[in-house]
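Single-structure report; data block below.
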Amino acid sequence: MQKKLKLIVVAFCLASPALAQSPDSITVATEEQNEEAFTFTEAQLGEDDDMSQNVTIISSNQNIFASSAGFQFSASRFRYRAFNQRYNEIYINGAPMNDMESGQFRFALIGGLNRYTNNSRETSLPFEFNNFSMPAMAGSNNYDLRPSRMATGQYASLAGANRNYTIRGMYTFNTGLRPDGWAFSAGVTYRWADTKTSYIKGTFYNSLSYFLGAEKKLNDNHSLALITWGNPTERATQGAATDESYWLANSNYYNPYWGYQNGKIRNSRVVKDYAPTVLLNWNWDISEKLKLTTALTGRYAMYKGTKLNYNNGENPAPDYWKRMPSSYFDTWYDNDPGNTRDGFAAWDYSRAYLMDSERNRQIDWDALYYANRQANKEGRDAMYYVEAKHINTFNLTLASTLKAELSNSTSANVGISLATNTGQHYWTMEDLLGANTFHNLNTYSLSYYSPNDPRTLYDINDNGGVVKEGDKFGGDYNLITRKAQLWGTISYKRNRMALFGAGRVSGVTIQRDGKMRNGIIESLGQSSYGKSGTAKFLDGGVKGGLTYNIGGGHVISLGAGYELKAPQPQCAFQSPIYSNEFVANLKNEKIFSSEVSYMFSAPWVKANINGYYSYLSDISEWQNYFDDDINSFSYVSMTGIKKAFYGLEWGITFKLNSAFSIKTIGTISEAKNTNNSRVTYMSSTKGDYFEEMVLNKNMRESGTPLSVYGLVLSYRSGGWFIDLTGNYYDRIYLSYSPSYRYESTLRNRNEAAITRGIAAERTFDDDGNLLQSAVAQSKGKGGFMLDASIGRSIRLKHGQLSINLQLTNLLNNRKMVTGGYEQGRSNYSINSTTEEISTTRLYRFDRNPKKYYAYGINGMLNIGYRF
């Protein structure tokens with residue numbers, strides 16, 4: 001089926017829906033959009049950056065699928081065409097807002113500001129003309145937050161939910177443009193849940209969002225606006241777990257990140273996030289047909305995430321694999337030679353113990369404090385502690401756009417932006433958990449080097465000094481990124497045809513500034529302290545599109561583009577935590593994208609059908625994790641990756657009468673690697689570098705369904721709106737582990753399988769050919785979900801009252817997976833001295849990926865009053 005799909009798409013996809021602004025003679029359907037359709041909240045999305053499951057928000061008045069999919073499929077963490085979020089660009093008042101290190105836009109930046117962002121957005125799909133940028137491969141959004149553009153009046157609402165937060169209160173005030181030329185806006189939102197009311201036990205949510213704006217119309221040609229907003233948030237997070245852990249807990253919402261301390265719930269993963277932003281906007285109407293908009297934006301983002309860690313002790317995670325029953329007895333293969341009667345008895349004891357009490361499945365904070373007190377008596381360092389990872393980012397951006405109406409049929413925009421970004425990355429000691437001392441030492445290296453060897457030091461400059469609570473340790477570095485960009489767009493409309501073109505060119509520089517002199521890196525003759533060299537990239541691209549009205553309500557659109565995109569700074573260094581060494585063969589990404597679209601509009605039906613094809617090459621990706629084969633944490637860089645994205649998507653609305661309609665939207669897509677990649681990885685214990693191939697061809701993009709089918713029954717009449725929505729999600733892949741597919745690992749896996757006598761675990765056949773089952777990617781279960789929304793708008797003598805109830809997963813399907821990852825560790829271990837493979841390990845990492853499951857029945861009731 002996938003081969004047929006690819007042939008269809010390649011045959012038709014010379015391009016895509018070209019223009020959001022069609023010629024006057026072209027009649028295109030406009031979806032009726034209500035406020036609820038774009039009310040994305042953290043209660044729906046989870047908004048956990050560590051999970052990487054944020055939804056890409058897309059929209060287009062012209063496109064039924066794009067205007068509905070982001071909201072309708074949000075329960076599955078749907079991403080538009082499975083694209084990484086860095087291919088979806090967000091602007092505010094024309095200034096680019098995507099994070100300059102990761103390329104992604106963090107929706108936490110505007111969390112709680114729905115009343116401002118929902119009603120002031122200009123959007124464009126990948127081949128639609130817009131007034132603020134060359135549209136990105138996954139589309140672009142611009143939020144106009146000038147106070148004069150806000151709807152005049154006040155609004156107050158109160159919402160209750162059983163999602164990530166349980167209570168939300170909101171108030172906004174907008175004067176509109178007053179006779180004296182001033183306009184003011186203000187708003188505040190508060191969201192809250194504690195560890196007992198949040199959907200996932202052990203999590204909490206506490207967030208206050210604010211918005212303040214003032215604008216002055218100086219005269220008929222000039223206006224100035226100053227706005228500021230922020231969203232200080234503290235939240236405790238959820239961890240993914242294996243199906244074995246969910247079975248032991250008898251719940252698909254087991255969370256291993258929390259436990260009891262003195263009888264109270266304490267979460268080990270708490271995030272504090274605050275990014276206050278100030279934007280100064282100058283608008284100059286040079287003439288009726290020529291307008292200049294300039295924005296200066298400053299932002300200082302502060303992010304801190306805690307994590308429980310250990311030192312010369314047993315891993316304290318309650319779901320650590322050695323605590324699992326299946327570590328004592330191989331339940332997947334009865335003929336495993338390691339299975340014994342005593343092993344089964346241990347399996348049964350472990351199962352009974354973990355099922356007996358919730359406390360046995362959670363972190364035992366009291367035991368950790370006890371262990372540290374015992375270490376104090378012996379003069380040893382803390383065995384357990386809570387560390388905090390910090391990312392503090394200062395960003396300054398200047399962006400200016402000139403809009404010109406060249407004639408009745410031609411419009412053009414030219415823009416320039418200059419941006420500088422410094423990301424401060426460091427770790428601090430959050431809590432010593434009752435311990436007296438801790439030293440800034442690489443304790444993993446102590447297995448190979450003497451305590452006095454400088455290779456055991458994270459920072460030679462402090463010689464392994466004592467770390468107190470609040471002190472930095474482990475790693476400390478800055479990433480410095482600068483970017484200058486020039487772009488332009490033009491549209492031409494005549495009779496039945498509309499043409500669109502866009503182009504951009506930009507220069508990007510990337511540099512690291514290390515604040516610690518790492519012992520291992522220095523021993524290799526590399527630099528870890530001070531500034532690295534500067535990597536420089538010149539990138540850019542072009543796009544074009546055509547829309548043609550055939551007549552009779554039929555419209556076709558074509559579009560294509562090619563661009564170079566600089567690699568992301570977070571992927572540019574081999575080991576950014578410790579080293580100034582750049583990744584080898586670091587190149588611009590090469591992106592070809594194309595689309596073809598058919599639109600039909602009639603009084604009783606409106607339809608869009610799109611086919612698309614995108615091909616990317618020279619992609620670089622970076623990860624770090626524990627690698628059993630080198631018995632160390634490794635820092636992994638993959639380069640030369642090629643990816644293909646292609647598929648069909650549709651949206652069709654049938655209007656049955658003035659009140660009832662039926663809508664179907666869906667997509668059948670593919671998003672995968674098309675080659676095996678070159679991998680370079682470093683051991684954090686000894687500093688050794690390894691180079692080989694990772695067999696990751698055909699690995700799919702993870703965390704989003706690649707096939708989705710939706711049907712909506714709608715009723716609109718007399719102020720009432722009722723929607724009943726059924727969605728079926730399929731082909732949900734989990735994030736793959738590169739190390740599980742290294743050439744060397746595959747050979748070791750094959751040897752271990754032969755030694756163990758388990759043919760099903762072999763990676764090569766007798767002729768040495770790779771077995772595809774050995775590199776198959778883990779998947780999550782899809783399924784059907786039924787949702788409903790009912791609301792009423794009531795006009796009052798003074799204002800308007802709105803009541804909206806949204807219910808998700810009415811059938812309580814708790815088996816659908818929304819994301820997760822392969823563990824990536826090996827079913828064997830390697831003796832660090834003899835380098836021989838040991839098969840005594842019974843736990844099957846390859847059979848135990850970690851997953852997130854969709855919430856069961858959940859909902860939100862919102863009551864709002866506009867006056």
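For the structure tokens, the naming scheme is as follows: chains receive sequential letters (A, B, ...) according to their order of presentation, residues are indexed from 1 within each chain, and ligands are indexed from 1 in presentation order.
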
**Request:** Please provide the set of residues having any atom within 7 Å of Ser802 of chain A, restricted to only C-alpha atoms, with same-chain residues fewer than 3 positions apart removed, written as a PyMOL selection string.
**Result:** chain A and resi 792-794+863-865

For those residues, write all heavy atoms to a file as a PDB file, in the first residue's frame.
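The resulting part.pdb:
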```pdb
ATOM      1  N   ARG A 792     -23.495  26.870  24.097  1.00  0.00           N
ATOM      2  CA  ARG A 792     -24.594  27.798  23.834  1.00  0.00           C
ATOM      3  C   ARG A 792     -24.082  29.220  24.049  1.00  0.00           C
ATOM      4  O   ARG A 792     -23.409  29.519  25.041  1.00  0.00           O
ATOM      5  CB  ARG A 792     -25.764  27.525  24.797  1.00  0.00           C
ATOM      6  CG  ARG A 792     -26.920  28.508  24.683  1.00  0.00           C
ATOM      7  CD  ARG A 792     -27.760  28.255  23.440  1.00  0.00           C
ATOM      8  NE  ARG A 792     -28.717  29.303  23.184  1.00  0.00           N
ATOM      9  CZ  ARG A 792     -29.925  29.413  23.752  1.00  0.00           C
ATOM     10  NH1 ARG A 792     -30.308  28.511  24.645  1.00  0.00           N
ATOM     11  NH2 ARG A 792     -30.744  30.394  23.432  1.00  0.00           N
ATOM     12  N   SER A 793     -24.406  30.087  23.095  1.00  0.00           N
ATOM     13  CA  SER A 793     -24.130  31.510  23.221  1.00  0.00           C
ATOM     14  C   SER A 793     -25.453  32.223  23.486  1.00  0.00           C
ATOM     15  O   SER A 793     -26.415  32.042  22.729  1.00  0.00           O
ATOM     16  CB  SER A 793     -23.485  32.055  21.946  1.00  0.00           C
ATOM     17  OG  SER A 793     -22.217  31.483  21.755  1.00  0.00           O
ATOM     18  N   ILE A 794     -25.494  33.004  24.546  1.00  0.00           N
ATOM     19  CA  ILE A 794     -26.727  33.664  24.959  1.00  0.00           C
ATOM     20  C   ILE A 794     -26.488  35.170  25.004  1.00  0.00           C
ATOM     21  O   ILE A 794     -25.628  35.652  25.749  1.00  0.00           O
ATOM     22  CB  ILE A 794     -27.178  33.168  26.350  1.00  0.00           C
ATOM     23  CG1 ILE A 794     -27.305  31.630  26.359  1.00  0.00           C
ATOM     24  CG2 ILE A 794     -28.494  33.824  26.758  1.00  0.00           C
ATOM     25  CD1 ILE A 794     -27.522  31.062  27.740  1.00  0.00           C
ATOM     26  N   ILE A 863     -17.231  28.526  31.153  1.00  0.00           N
ATOM     27  CA  ILE A 863     -18.298  29.535  31.171  1.00  0.00           C
ATOM     28  C   ILE A 863     -17.652  30.899  31.010  1.00  0.00           C
ATOM     29  O   ILE A 863     -16.780  31.287  31.801  1.00  0.00           O
ATOM     30  CB  ILE A 863     -19.100  29.479  32.486  1.00  0.00           C
ATOM     31  CG1 ILE A 863     -19.724  28.094  32.657  1.00  0.00           C
ATOM     32  CG2 ILE A 863     -20.181  30.561  32.505  1.00  0.00           C
ATOM     33  CD1 ILE A 863     -20.425  27.907  33.992  1.00  0.00           C
ATOM     34  N   GLY A 864     -18.044  31.605  29.946  1.00  0.00           N
ATOM     35  CA  GLY A 864     -17.449  32.897  29.664  1.00  0.00           C
ATOM     36  C   GLY A 864     -18.480  33.992  29.528  1.00  0.00           C
ATOM     37  O   GLY A 864     -19.622  33.757  29.086  1.00  0.00           O
ATOM     38  N   TYR A 865     -18.086  35.205  29.900  1.00  0.00           N
ATOM     39  CA  TYR A 865     -18.982  36.358  29.816  1.00  0.00           C
ATOM     40  C   TYR A 865     -18.230  37.498  29.143  1.00  0.00           C
ATOM     41  O   TYR A 865     -17.185  37.953  29.610  1.00  0.00           O
ATOM     42  CB  TYR A 865     -19.440  36.768  31.216  1.00  0.00           C
ATOM     43  CG  TYR A 865     -20.336  37.990  31.256  1.00  0.00           C
ATOM     44  CD1 TYR A 865     -21.428  38.107  30.388  1.00  0.00           C
ATOM     45  CD2 TYR A 865     -20.083  39.022  32.156  1.00  0.00           C
ATOM     46  CE1 TYR A 865     -22.243  39.220  30.427  1.00  0.00           C
ATOM     47  CE2 TYR A 865     -20.902  40.144  32.201  1.00  0.00           C
ATOM     48  CZ  TYR A 865     -21.979  40.235  31.331  1.00  0.00           C
ATOM     49  OH  TYR A 865     -22.796  41.353  31.365  1.00  0.00           O
TER      50      TYR A 865
END
```

**Request:** Apply DSSP to the structure's backbone, then extract all residues of segment 573-786 of chain A labelled strand (DSSP E) and return them as a ChimeraX atom specification.
**Result:** /A:589-602,605-627,632-655,660-673,677-683,689-694,705-717,720-733,779-780,783-786

Based on the selection just made, write C-alpha atoms of those residues as a short mmCIF file (atom, residue, chain, number, x, y, z; two decimals), in the first residue's frame.
```cif
data_model
loop_
_atom_site.label_atom_id
_atom_site.label_comp_id
_atom_site.auth_asym_id
_atom_site.auth_seq_id
_atom_site.Cartn_x
_atom_site.Cartn_y
_atom_site.Cartn_z
CA GLU A 589 19.84 20.65 5.29
CA LYS A 590 18.52 20.41 1.73
CA ILE A 591 14.73 20.51 1.48
CA PHE A 592 12.53 19.91 -1.53
CA SER A 593 8.80 20.26 -0.96
CA SER A 594 5.83 20.03 -3.28
CA GLU A 595 2.08 19.82 -3.24
CA VAL A 596 -0.99 19.55 -5.43
CA SER A 597 -4.46 20.47 -4.28
CA TYR A 598 -7.99 20.23 -5.56
CA MET A 599 -10.78 22.35 -4.08
CA PHE A 600 -14.49 22.27 -4.80
CA SER A 601 -17.18 24.60 -3.53
CA ALA A 602 -20.93 24.36 -3.95
CA VAL A 605 -20.56 20.64 -0.28
CA LYS A 606 -17.06 22.04 0.21
CA ALA A 607 -13.99 19.87 -0.32
CA ASN A 608 -10.19 19.89 -0.29
CA ILE A 609 -7.96 17.02 -1.40
CA ASN A 610 -4.19 17.47 -1.12
CA GLY A 611 -1.22 15.36 -2.12
CA TYR A 612 2.26 16.29 -0.96
CA TYR A 613 5.84 15.11 -1.23
CA SER A 614 8.88 16.45 0.64
CA TYR A 615 12.43 15.14 0.53
CA LEU A 616 15.12 16.20 2.99
CA SER A 617 18.83 15.34 2.98
CA ASP A 618 21.98 16.10 4.99
CA ILE A 619 20.02 16.17 8.25
CA SER A 620 21.97 16.04 11.52
CA GLU A 621 20.48 14.66 14.75
CA TRP A 622 21.92 14.38 18.25
CA GLN A 623 21.07 12.25 21.30
CA ASN A 624 22.64 11.08 24.55
CA TYR A 625 21.86 7.94 26.56
CA PHE A 626 23.45 4.97 28.31
CA ASP A 627 25.10 2.53 25.89
CA SER A 632 28.94 4.41 29.53
CA PHE A 633 26.71 7.32 28.73
CA SER A 634 27.30 8.22 25.11
CA TYR A 635 26.88 11.40 23.10
CA VAL A 636 25.60 10.44 19.69
CA SER A 637 25.67 12.42 16.46
CA MET A 638 24.05 11.10 13.29
CA THR A 639 24.75 12.88 10.02
CA GLY A 640 23.82 12.52 6.37
CA ILE A 641 20.26 11.49 7.21
CA LYS A 642 17.72 11.52 4.40
CA LYS A 643 13.97 11.65 4.98
CA ALA A 644 10.86 11.46 2.82
CA PHE A 645 7.41 12.76 3.76
CA TYR A 646 4.48 12.07 1.46
CA GLY A 647 0.78 11.42 1.67
CA LEU A 648 -2.80 12.35 0.92
CA GLU A 649 -5.11 14.43 3.11
CA TRP A 650 -8.70 15.46 2.67
CA GLY A 651 -11.44 17.55 4.18
CA ILE A 652 -15.04 17.44 2.97
CA THR A 653 -18.06 19.18 4.49
CA PHE A 654 -21.63 18.29 3.48
CA LYS A 655 -24.30 20.80 4.46
CA PHE A 660 -26.93 20.12 10.24
CA SER A 661 -23.66 19.26 8.51
CA ILE A 662 -21.28 16.32 8.19
CA LYS A 663 -17.53 16.71 7.88
CA THR A 664 -14.84 14.17 7.21
CA ILE A 665 -11.13 14.88 7.43
CA GLY A 666 -8.21 12.49 7.37
CA THR A 667 -4.75 11.66 6.13
CA ILE A 668 -2.78 8.66 4.91
CA SER A 669 0.87 9.51 5.09
CA GLU A 670 4.42 8.27 5.28
CA ALA A 671 7.35 9.91 7.08
CA LYS A 672 10.58 7.91 7.23
CA ASN A 673 14.33 7.77 6.85
CA SER A 677 23.24 7.08 8.60
CA ARG A 678 26.82 7.65 9.65
CA VAL A 679 27.06 7.78 13.45
CA THR A 680 29.80 9.13 15.71
CA TYR A 681 29.48 8.60 19.44
CA MET A 682 31.65 9.36 22.45
CA SER A 683 32.02 7.58 25.77
CA TYR A 689 35.19 8.12 19.98
CA PHE A 690 33.54 5.51 17.78
CA GLU A 691 32.41 5.75 14.17
CA GLU A 692 30.22 3.32 12.26
CA MET A 693 26.88 2.98 10.48
CA VAL A 694 23.51 2.90 12.15
CA PRO A 705 -0.30 8.91 13.96
CA LEU A 706 0.61 8.56 10.29
CA SER A 707 -2.95 7.54 9.38
CA VAL A 708 -5.99 9.31 10.81
CA TYR A 709 -9.65 9.17 9.79
CA GLY A 710 -12.22 11.55 11.28
CA LEU A 711 -15.97 12.15 10.99
CA VAL A 712 -17.87 15.04 12.59
CA LEU A 713 -21.63 15.51 12.91
CA SER A 714 -22.48 19.15 13.64
CA TYR A 715 -25.54 21.15 14.65
CA ARG A 716 -25.65 24.97 14.61
CA SER A 717 -28.87 26.84 15.34
CA TRP A 720 -26.47 26.30 20.07
CA PHE A 721 -23.60 24.30 18.66
CA ILE A 722 -23.18 20.56 19.08
CA ASP A 723 -20.41 18.40 17.61
CA LEU A 724 -20.06 14.64 17.79
CA THR A 725 -16.64 13.53 16.53
CA GLY A 726 -15.25 10.08 15.82
CA ASN A 727 -11.54 9.65 15.03
CA TYR A 728 -9.55 6.53 14.23
CA TYR A 729 -5.78 6.71 14.76
CA ASP A 730 -3.35 4.23 13.24
CA ARG A 731 0.36 3.61 12.55
CA ILE A 732 1.81 5.26 15.66
CA TYR A 733 5.55 4.64 15.92
CA LYS A 779 4.88 0.71 17.46
CA GLY A 780 2.07 1.84 19.69
CA GLY A 783 -7.68 2.98 18.04
CA PHE A 784 -11.01 4.77 17.90
CA MET A 785 -11.91 7.77 20.00
CA LEU A 786 -15.32 9.44 20.31
#
```

**Asked** Near Ile520 of chain A, within 8 Å and counting only C-alpha atoms, which residues show up once chain neighbours fewer than 6 positions away are dropped, as a PyMOL selection string?
**Response** chain A and resi 454-457+686-687

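Shortest atom-to-atom contact with Ile510 of chain A among A:Ala753, A:Ala95, A:Val386, A:Met100: A:Met100, counting only C-alpha atoms.
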
**Prompt:** Leaving out Asn231 of chain A and any residue of its chain fewer than 4 positions from it, which residues lie within 10 Å of it when counting only C-alpha atoms, given as a PyMOL selection string?
**Reply:** chain A and resi 108-113+188-190+207-211+273-277

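Among the candidate residues A:Ser133, A:Asn114, A:Asn812, A:Ser327, the one lying nearest to Tyr155 of chain A is A:Asn114, with distances computed using only C-alpha atoms.
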
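Counting only C-alpha atoms and comparing A:Asp285, A:Glu522, A:Asp342, A:Glu244, the residue that lies closest to Leu224 of chain A is A:Asp285.
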
**Item:** Gap from atom CA of Asn827 of chain A to atom CA of Ser326 of chain A - Å, one decimal
**Value:** 11.9 Å

**Request:** Excluding Asn98 of chain A and any residue of its chain fewer than 2 positions from it, enumerate the residues within 12 Å of it, using only C-alpha atoms, and give them as a ChimeraX atom specification.
**Result:** /A:85-92,95-96,100-109,136,140-142,299,395,397,419,421,568

Write out as CSV the residues of segment 402-462 of chain A that have any atom within 12 Å of an atom of segment 254-268 of chain A, one row each with the nearest atom pair and its distance in Å to one decimal, counting only C-alpha atoms, sorted by chain and then rising number.
```
residue,atom,partner,partner_atom,distance
A:Glu430,CA,A:Ser268,CA,10.7
A:Asp431,CA,A:Ser268,CA,10.5
A:Leu433,CA,A:Gln261,CA,11.0
```

Restricting the output to C-alpha atoms, write the selected residues as a PDB file, in the first residue's frame.
```pdb
ATOM      1  CA  GLU A 430      18.968  21.226  43.884  1.00  0.00           C
ATOM      2  CA  ASP A 431      18.803  18.998  46.972  1.00  0.00           C
ATOM      3  CA  LEU A 433      18.706  14.822  50.369  1.00  0.00           C
TER       4      LEU A 433
END
```

**Message:** I want to know what sits within 8 Å of Ala399 of chain A, based on only C-alpha atoms, with residues of the same chain fewer than 5 positions away left out; could you give that as an NGL selection string?
**Reply:** :A and (94-96 or 294-296 or 415-418)

Residues from last step as file, C-alpha atoms, as a short mmCIF file (atom, residue, chain, number, x, y, z; two decimals), in the first residue's frame:
```cif
data_model
loop_
_atom_site.label_atom_id
_atom_site.label_comp_id
_atom_site.auth_asym_id
_atom_site.auth_seq_id
_atom_site.Cartn_x
_atom_site.Cartn_y
_atom_site.Cartn_z
CA GLY A 94 6.18 40.06 12.26
CA ALA A 95 9.12 39.06 14.51
CA PRO A 96 10.30 35.41 14.36
CA THR A 294 9.09 47.21 12.57
CA ALA A 295 9.31 45.17 15.78
CA LEU A 296 12.06 45.02 18.39
CA GLY A 415 11.39 41.89 5.13
CA ILE A 416 14.62 41.77 7.09
CA SER A 417 15.37 40.36 10.52
CA LEU A 418 18.44 40.39 12.76
#
```

Could the residues of segment 67-174 of chain A that have an atom at most 10 Å from segment 486-501 of chain A be listed as JSON lines, each with its closest atom pair and the distance in Å to one decimal, counting only C-alpha atoms and ordered by chain and ascending residue number?
```
{"residue": "A:Phe127", "atom": "CA", "partner": "A:Phe500", "partner_atom": "CA", "distance": 8.1}
{"residue": "A:Glu128", "atom": "CA", "partner": "A:Phe500", "partner_atom": "CA", "distance": 7.7}
{"residue": "A:Phe129", "atom": "CA", "partner": "A:Phe500", "partner_atom": "CA", "distance": 6.3}
{"residue": "A:Asn130", "atom": "CA", "partner": "A:Thr489", "partner_atom": "CA", "distance": 7.6}
{"residue": "A:Asn131", "atom": "CA", "partner": "A:Thr489", "partner_atom": "CA", "distance": 7.6}
{"residue": "A:Phe132", "atom": "CA", "partner": "A:Thr489", "partner_atom": "CA", "distance": 8.7}
{"residue": "A:Ser133", "atom": "CA", "partner": "A:Trp487", "partner_atom": "CA", "distance": 6.7}
{"residue": "A:Met134", "atom": "CA", "partner": "A:Thr489", "partner_atom": "CA", "distance": 6.5}
{"residue": "A:Pro135", "atom": "CA", "partner": "A:Thr489", "partner_atom": "CA", "distance": 9.3}
```

Suppose we keep N, CA and C atoms; can you now write the selection as a PDB file, in the first residue's frame?
```
ATOM      1  N   PHE A 127       2.334  26.629   0.960  1.00  0.00           N
ATOM      2  CA  PHE A 127       2.397  27.315  -0.334  1.00  0.00           C
ATOM      3  C   PHE A 127       1.308  28.369  -0.450  1.00  0.00           C
ATOM      4  N   GLU A 128       1.039  29.055   0.649  1.00  0.00           N
ATOM      5  CA  GLU A 128       0.093  30.163   0.650  1.00  0.00           C
ATOM      6  C   GLU A 128       0.848  31.482   0.832  1.00  0.00           C
ATOM      7  N   PHE A 129       0.435  32.472   0.100  1.00  0.00           N
ATOM      8  CA  PHE A 129       1.004  33.807   0.215  1.00  0.00           C
ATOM      9  C   PHE A 129       0.672  34.394   1.581  1.00  0.00           C
ATOM     10  N   ASN A 130       1.636  35.070   2.195  1.00  0.00           N
ATOM     11  CA  ASN A 130       1.355  35.796   3.433  1.00  0.00           C
ATOM     12  C   ASN A 130       2.133  37.099   3.448  1.00  0.00           C
ATOM     13  N   ASN A 131       1.895  37.890   4.485  1.00  0.00           N
ATOM     14  CA  ASN A 131       2.489  39.216   4.582  1.00  0.00           C
ATOM     15  C   ASN A 131       3.654  39.306   5.556  1.00  0.00           C
ATOM     16  N   PHE A 132       4.164  38.158   6.045  1.00  0.00           N
ATOM     17  CA  PHE A 132       5.176  38.241   7.087  1.00  0.00           C
ATOM     18  C   PHE A 132       6.379  37.319   6.885  1.00  0.00           C
ATOM     19  N   SER A 133       6.374  36.446   5.855  1.00  0.00           N
ATOM     20  CA  SER A 133       7.515  35.551   5.686  1.00  0.00           C
ATOM     21  C   SER A 133       7.377  34.740   4.406  1.00  0.00           C
ATOM     22  N   MET A 134       8.470  34.053   4.055  1.00  0.00           N
ATOM     23  CA  MET A 134       8.347  32.950   3.119  1.00  0.00           C
ATOM     24  C   MET A 134       7.803  31.781   3.918  1.00  0.00           C
ATOM     25  N   PRO A 135       6.653  31.215   3.560  1.00  0.00           N
ATOM     26  CA  PRO A 135       6.040  30.184   4.406  1.00  0.00           C
ATOM     27  C   PRO A 135       6.952  28.974   4.577  1.00  0.00           C
TER      28      PRO A 135
END
```
